Amino acid sequence: MRARLAPDLPIQRCGAAGWLALALALPVLPVLAADQSAQLEIGKKLFMSGAVPACAVCHTLQAAGAEGAVGPVLDELKPDAARVAKALRDGLGQMPSYKGKLSDEQIDAIAAYVAQASGGAR
Ligand code: HEC
């Protein structure tokens with residue numbers, strides 16, 4: 001008897017764990033959406049004035065009302081978040097690196113915001 005029942009056990013355990021994981025994950029989803037819009041809001045503020053020098057001084061991004069003309073127009077470039085984050089960490093040509101001036105969280109927030117606001121995230 002025991003030998004016959006044993007093979008069923010792992011499957012039952014797996015099923016229970018799966019349902020438990022789902023039950024735990026569902027209430028978290030709206031929180032994640034709220035986190036994301038909070039992150040975009042932080043990214044926008046950093047873009048306009050929080051980052052030093054502010055991105056808006058050099059870049060045009062319509063959604064932010066920025067009209068800088070030193071660097072590329074972000075509405076045309078439509079960079080994805082990874083491209084923005086790389087430019088911020090490494091710098092590029094005349095653009096300064098923000099490594100050491102902005103935290104990883106701040107860089108991620110600006111990158112997410114620029115990708116979303118420029119259309120690069122779509
Ligand atoms: C002093 C002016 C200046 C500031 C401030 C500045 N940039 Fe730039 N940025 C530039 C220039 C110039 C380039 C083009 C560099 C090149 O291609 O040689 C550029 C390029 C970029 C690119 C394109 C990178 C690529 O891969 O082609 C992105 C994205 C970008 N900037 C985002 C930002 C963001 C976000 C900020 C604020 C945190 C910012 N920039 C601040 C001048 C600036």
# chains A, B, ... in the order shown; residues from 1 in each chain; ligands from 1
call {"tool": "residues_around", "arguments": {"residues": "region 75-81 of chain A", "least_positions_apart": "4", "cutoff": "7 Å", "atoms": "only C-alpha atoms", "output": "ChimeraX atom specification"}}
result
/A:61-62,85,111-112,115,118-121
call {"tool": "write_last_selection", "arguments": {"atoms": "C-alpha atoms", "output": "mmCIF file, in the first residue's frame"}}
result
data_model
loop_
_atom_site.group_PDB
_atom_site.id
_atom_site.type_symbol
_atom_site.label_atom_id
_atom_site.label_comp_id
_atom_site.auth_asym_id
_atom_site.auth_seq_id
_atom_site.Cartn_x
_atom_site.Cartn_y
_atom_site.Cartn_z
ATOM 1 C CA LEU A 61 10.970 65.569 -24.416
ATOM 2 C CA GLN A 62 7.452 66.780 -25.127
ATOM 3 C CA ALA A 85 20.367 53.714 -18.333
ATOM 4 C CA ALA A 111 15.245 55.306 -17.708
ATOM 5 C CA ALA A 112 11.719 53.942 -17.220
ATOM 6 C CA ALA A 115 11.364 55.139 -22.368
ATOM 7 C CA SER A 118 9.283 59.122 -25.555
ATOM 8 C CA GLY A 119 7.470 56.043 -26.854
ATOM 9 C CA GLY A 120 10.633 53.925 -26.700
ATOM 10 C CA ALA A 121 9.012 51.463 -24.301
#
call {"tool": "residues_around", "arguments": {"residues": "Leu46 (chain A)", "least_positions_apart": "6", "cutoff": "12 Å", "atoms": "only C-alpha atoms", "output": "ChimeraX atom specification"}}
result
/A:39-40,52-57,64,98,101-103,105-114
call {"tool": "closest_residue", "arguments": {"among": "A:Ala69, A:Met95, A:Ser49, A:Val28", "to": "ligand 1", "atoms": "only C-alpha atoms and all ligand atoms"}}
result
A:Met95
call {"tool": "closest_residue", "arguments": {"among": "A:Ala63, A:Arg122, A:Phe47, A:Gly100", "to": "ligand 1", "atoms": "only C-alpha atoms and all ligand atoms"}}
result
A:Phe47
call {"tool": "select_by_dssp", "arguments": {"residues": "chain A", "states": "strand (DSSP E)", "output": "JSON, numbers by chain"}}
result
{"A": [60, 61, 66, 67]}
call {"tool": "closest_residue", "arguments": {"among": "A:Gly15, A:His59, A:Leu24, A:Val31", "to": "ligand 1", "atoms": "only C-alpha atoms and all ligand atoms"}}
result
A:His59
call {"tool": "closest_residue", "arguments": {"among": "A:Glu67, A:Leu88, A:Ala38, A:Val73", "to": "Asp104 (chain A)", "atoms": "only C-alpha atoms"}}
result
A:Leu88
call {"tool": "closest_residue", "arguments": {"among": "A:Leu29, A:Ala66, A:Ala17, A:Ala87", "to": "ligand 1", "atoms": "only C-alpha atoms and all ligand atoms"}}
result
A:Ala87
call {"tool": "closest_residue", "arguments": {"among": "A:Gly71, A:Gly43, A:Gly50, A:Pro30", "to": "ligand 1", "atoms": "only C-alpha atoms and all ligand atoms"}}
result
A:Gly71
call {"tool": "select_by_dssp", "arguments": {"residues": "region 26-87 of chain A", "states": "helix (DSSP H, G or I)", "output": "ChimeraX atom specification"}}
result
/A:28-50,55-58,62-64,74-77,81-87
call {"tool": "write_last_selection", "arguments": {"atoms": "C-alpha atoms", "output": "mmCIF file, in the first residue's frame"}}
result
data_model
loop_
_atom_site.group_PDB
_atom_site.id
_atom_site.type_symbol
_atom_site.label_atom_id
_atom_site.label_comp_id
_atom_site.auth_asym_id
_atom_site.auth_seq_id
_atom_site.Cartn_x
_atom_site.Cartn_y
_atom_site.Cartn_z
ATOM 1 C CA VAL A 28 0.443 42.011 -4.947
ATOM 2 C CA LEU A 29 -0.372 42.903 -8.572
ATOM 3 C CA PRO A 30 -2.153 46.252 -7.916
ATOM 4 C CA VAL A 31 0.685 47.242 -5.606
ATOM 5 C CA LEU A 32 3.172 46.658 -8.417
ATOM 6 C CA ALA A 33 1.150 48.905 -10.741
ATOM 7 C CA ALA A 34 1.147 51.665 -8.107
ATOM 8 C CA ASP A 35 4.889 51.245 -7.636
ATOM 9 C CA GLN A 36 5.407 51.673 -11.351
ATOM 10 C CA SER A 37 3.479 54.934 -11.600
ATOM 11 C CA ALA A 38 5.325 56.220 -8.522
ATOM 12 C CA GLN A 39 8.606 55.320 -10.237
ATOM 13 C CA LEU A 40 7.588 57.203 -13.405
ATOM 14 C CA GLU A 41 6.689 60.254 -11.323
ATOM 15 C CA ILE A 42 10.096 60.188 -9.630
ATOM 16 C CA GLY A 43 11.766 59.743 -13.022
ATOM 17 C CA LYS A 44 9.966 62.782 -14.408
ATOM 18 C CA LYS A 45 11.009 64.990 -11.490
ATOM 19 C CA LEU A 46 14.626 63.880 -11.840
ATOM 20 C CA PHE A 47 14.493 64.530 -15.589
ATOM 21 C CA MET A 48 13.164 68.072 -15.142
ATOM 22 C CA SER A 49 15.271 69.243 -12.217
ATOM 23 C CA GLY A 50 16.451 66.564 -9.782
ATOM 24 C CA CYS A 55 18.292 66.313 -18.568
ATOM 25 C CA ALA A 56 15.787 68.976 -19.628
ATOM 26 C CA VAL A 57 18.615 71.510 -20.044
ATOM 27 C CA CYS A 58 19.971 69.510 -22.981
ATOM 28 C CA GLN A 62 7.452 66.780 -25.127
ATOM 29 C CA ALA A 63 5.705 64.868 -22.345
ATOM 30 C CA ALA A 64 7.935 66.605 -19.788
ATOM 31 C CA LEU A 74 14.254 62.065 -27.171
ATOM 32 C CA ASP A 75 10.815 62.016 -28.844
ATOM 33 C CA GLU A 76 12.614 61.179 -32.101
ATOM 34 C CA LEU A 77 15.273 58.880 -30.669
ATOM 35 C CA ALA A 81 15.061 51.960 -20.824
ATOM 36 C CA ALA A 82 18.308 49.978 -21.210
ATOM 37 C CA ARG A 83 19.718 52.534 -23.672
ATOM 38 C CA VAL A 84 18.873 55.453 -21.370
ATOM 39 C CA ALA A 85 20.367 53.714 -18.333
ATOM 40 C CA LYS A 86 23.573 52.956 -20.253
ATOM 41 C CA ALA A 87 23.935 56.611 -21.361
#
call {"tool": "residues_around", "arguments": {"residues": "Gln94 (chain A)", "least_positions_apart": "3", "cutoff": "10 Å", "atoms": "only C-alpha atoms", "output": "list in words"}}
result
Val70, Gly71, Gly91 and Ser97 of chain A
call {"tool": "decode", "arguments": {"residues": "region 2-116 of chain A", "atoms": "C-alpha atoms", "output": "mmCIF file, in the first residue's frame"}}
result
data_model
loop_
_atom_site.group_PDB
_atom_site.id
_atom_site.type_symbol
_atom_site.label_atom_id
_atom_site.label_comp_id
_atom_site.auth_asym_id
_atom_site.auth_seq_id
_atom_site.Cartn_x
_atom_site.Cartn_y
_atom_site.Cartn_z
ATOM 1 C CA ARG A 2 2.631 2.484 0.989
ATOM 2 C CA ALA A 3 4.653 1.873 -2.155
ATOM 3 C CA ARG A 4 1.586 2.648 -4.297
ATOM 4 C CA LEU A 5 0.713 5.875 -2.569
ATOM 5 C CA ALA A 6 4.190 7.328 -2.562
ATOM 6 C CA PRO A 7 4.398 8.404 -6.242
ATOM 7 C CA ASP A 8 1.286 10.571 -5.859
ATOM 8 C CA LEU A 9 2.659 12.626 -3.024
ATOM 9 C CA PRO A 10 5.038 14.973 -4.858
ATOM 10 C CA ILE A 11 2.307 15.908 -7.364
ATOM 11 C CA GLN A 12 -0.146 16.751 -4.616
ATOM 12 C CA ARG A 13 2.454 18.843 -2.845
ATOM 13 C CA CYS A 14 3.285 20.665 -6.042
ATOM 14 C CA GLY A 15 -0.360 21.474 -6.694
ATOM 15 C CA ALA A 16 -0.870 22.885 -3.230
ATOM 16 C CA ALA A 17 2.255 25.003 -3.482
ATOM 17 C CA GLY A 18 1.151 26.286 -6.871
ATOM 18 C CA TRP A 19 -2.226 27.424 -5.562
ATOM 19 C CA LEU A 20 -0.596 28.944 -2.538
ATOM 20 C CA ALA A 21 1.836 30.908 -4.717
ATOM 21 C CA LEU A 22 -1.049 32.152 -6.871
ATOM 22 C CA ALA A 23 -3.097 33.167 -3.842
ATOM 23 C CA LEU A 24 -0.137 35.097 -2.468
ATOM 24 C CA ALA A 25 0.744 36.748 -5.787
ATOM 25 C CA LEU A 26 -2.701 38.052 -6.758
ATOM 26 C CA PRO A 27 -3.081 40.779 -4.096
ATOM 27 C CA VAL A 28 0.443 42.011 -4.947
ATOM 28 C CA LEU A 29 -0.372 42.903 -8.572
ATOM 29 C CA PRO A 30 -2.153 46.252 -7.916
ATOM 30 C CA VAL A 31 0.685 47.242 -5.606
ATOM 31 C CA LEU A 32 3.172 46.658 -8.417
ATOM 32 C CA ALA A 33 1.150 48.905 -10.741
ATOM 33 C CA ALA A 34 1.147 51.665 -8.107
ATOM 34 C CA ASP A 35 4.889 51.245 -7.636
ATOM 35 C CA GLN A 36 5.407 51.673 -11.351
ATOM 36 C CA SER A 37 3.479 54.934 -11.600
ATOM 37 C CA ALA A 38 5.325 56.220 -8.522
ATOM 38 C CA GLN A 39 8.606 55.320 -10.237
ATOM 39 C CA LEU A 40 7.588 57.203 -13.405
ATOM 40 C CA GLU A 41 6.689 60.254 -11.323
ATOM 41 C CA ILE A 42 10.096 60.188 -9.630
ATOM 42 C CA GLY A 43 11.766 59.743 -13.022
ATOM 43 C CA LYS A 44 9.966 62.782 -14.408
ATOM 44 C CA LYS A 45 11.009 64.990 -11.490
ATOM 45 C CA LEU A 46 14.626 63.880 -11.840
ATOM 46 C CA PHE A 47 14.493 64.530 -15.589
ATOM 47 C CA MET A 48 13.164 68.072 -15.142
ATOM 48 C CA SER A 49 15.271 69.243 -12.217
ATOM 49 C CA GLY A 50 16.451 66.564 -9.782
ATOM 50 C CA ALA A 51 19.418 65.316 -11.801
ATOM 51 C CA VAL A 52 22.362 67.720 -11.916
ATOM 52 C CA PRO A 53 22.720 68.911 -14.613
ATOM 53 C CA ALA A 54 19.040 68.329 -15.432
ATOM 54 C CA CYS A 55 18.292 66.313 -18.568
ATOM 55 C CA ALA A 56 15.787 68.976 -19.628
ATOM 56 C CA VAL A 57 18.615 71.510 -20.044
ATOM 57 C CA CYS A 58 19.971 69.510 -22.981
ATOM 58 C CA HIS A 59 17.100 67.361 -24.257
ATOM 59 C CA THR A 60 13.676 67.887 -25.761
ATOM 60 C CA LEU A 61 10.970 65.569 -24.416
ATOM 61 C CA GLN A 62 7.452 66.780 -25.127
ATOM 62 C CA ALA A 63 5.705 64.868 -22.345
ATOM 63 C CA ALA A 64 7.935 66.605 -19.788
ATOM 64 C CA GLY A 65 7.679 70.020 -21.463
ATOM 65 C CA ALA A 66 11.469 69.956 -21.937
ATOM 66 C CA GLU A 67 12.964 71.892 -24.856
ATOM 67 C CA GLY A 68 16.737 71.528 -24.490
ATOM 68 C CA ALA A 69 18.615 71.570 -27.780
ATOM 69 C CA VAL A 70 22.117 70.302 -26.935
ATOM 70 C CA GLY A 71 21.466 66.549 -27.147
ATOM 71 C CA PRO A 72 19.200 64.461 -29.383
ATOM 72 C CA VAL A 73 15.419 65.008 -29.281
ATOM 73 C CA LEU A 74 14.254 62.065 -27.171
ATOM 74 C CA ASP A 75 10.815 62.016 -28.844
ATOM 75 C CA GLU A 76 12.614 61.179 -32.101
ATOM 76 C CA LEU A 77 15.273 58.880 -30.669
ATOM 77 C CA LYS A 78 12.693 56.840 -28.675
ATOM 78 C CA PRO A 79 15.330 55.034 -26.586
ATOM 79 C CA ASP A 80 14.313 51.997 -24.557
ATOM 80 C CA ALA A 81 15.061 51.960 -20.824
ATOM 81 C CA ALA A 82 18.308 49.978 -21.210
ATOM 82 C CA ARG A 83 19.718 52.534 -23.672
ATOM 83 C CA VAL A 84 18.873 55.453 -21.370
ATOM 84 C CA ALA A 85 20.367 53.714 -18.333
ATOM 85 C CA LYS A 86 23.573 52.956 -20.253
ATOM 86 C CA ALA A 87 23.935 56.611 -21.361
ATOM 87 C CA LEU A 88 23.407 57.769 -17.754
ATOM 88 C CA ARG A 89 25.965 55.345 -16.322
ATOM 89 C CA ASP A 90 28.667 55.701 -18.971
ATOM 90 C CA GLY A 91 28.053 59.199 -20.346
ATOM 91 C CA LEU A 92 28.241 59.762 -24.097
ATOM 92 C CA GLY A 93 30.118 62.463 -26.023
ATOM 93 C CA GLN A 94 29.202 65.776 -24.407
ATOM 94 C CA MET A 95 26.730 64.124 -22.084
ATOM 95 C CA PRO A 96 28.118 63.688 -18.567
ATOM 96 C CA SER A 97 27.966 60.377 -16.704
ATOM 97 C CA TYR A 98 25.614 60.381 -13.711
ATOM 98 C CA LYS A 99 27.318 57.443 -12.050
ATOM 99 C CA GLY A 100 28.011 58.400 -8.447
ATOM 100 C CA LYS A 101 25.572 61.336 -8.671
ATOM 101 C CA LEU A 102 22.409 59.257 -9.016
ATOM 102 C CA SER A 103 21.587 55.974 -7.272
ATOM 103 C CA ASP A 104 20.746 52.852 -9.273
ATOM 104 C CA GLU A 105 17.102 53.361 -8.292
ATOM 105 C CA GLN A 106 17.163 56.924 -9.592
ATOM 106 C CA ILE A 107 18.814 55.870 -12.860
ATOM 107 C CA ASP A 108 16.212 53.113 -13.294
ATOM 108 C CA ALA A 109 13.404 55.598 -12.591
ATOM 109 C CA ILE A 110 14.680 58.103 -15.173
ATOM 110 C CA ALA A 111 15.245 55.306 -17.708
ATOM 111 C CA ALA A 112 11.719 53.942 -17.220
ATOM 112 C CA TYR A 113 10.258 57.432 -17.488
ATOM 113 C CA VAL A 114 12.165 58.459 -20.639
ATOM 114 C CA ALA A 115 11.364 55.139 -22.368
ATOM 115 C CA GLN A 116 7.682 55.488 -21.533
#
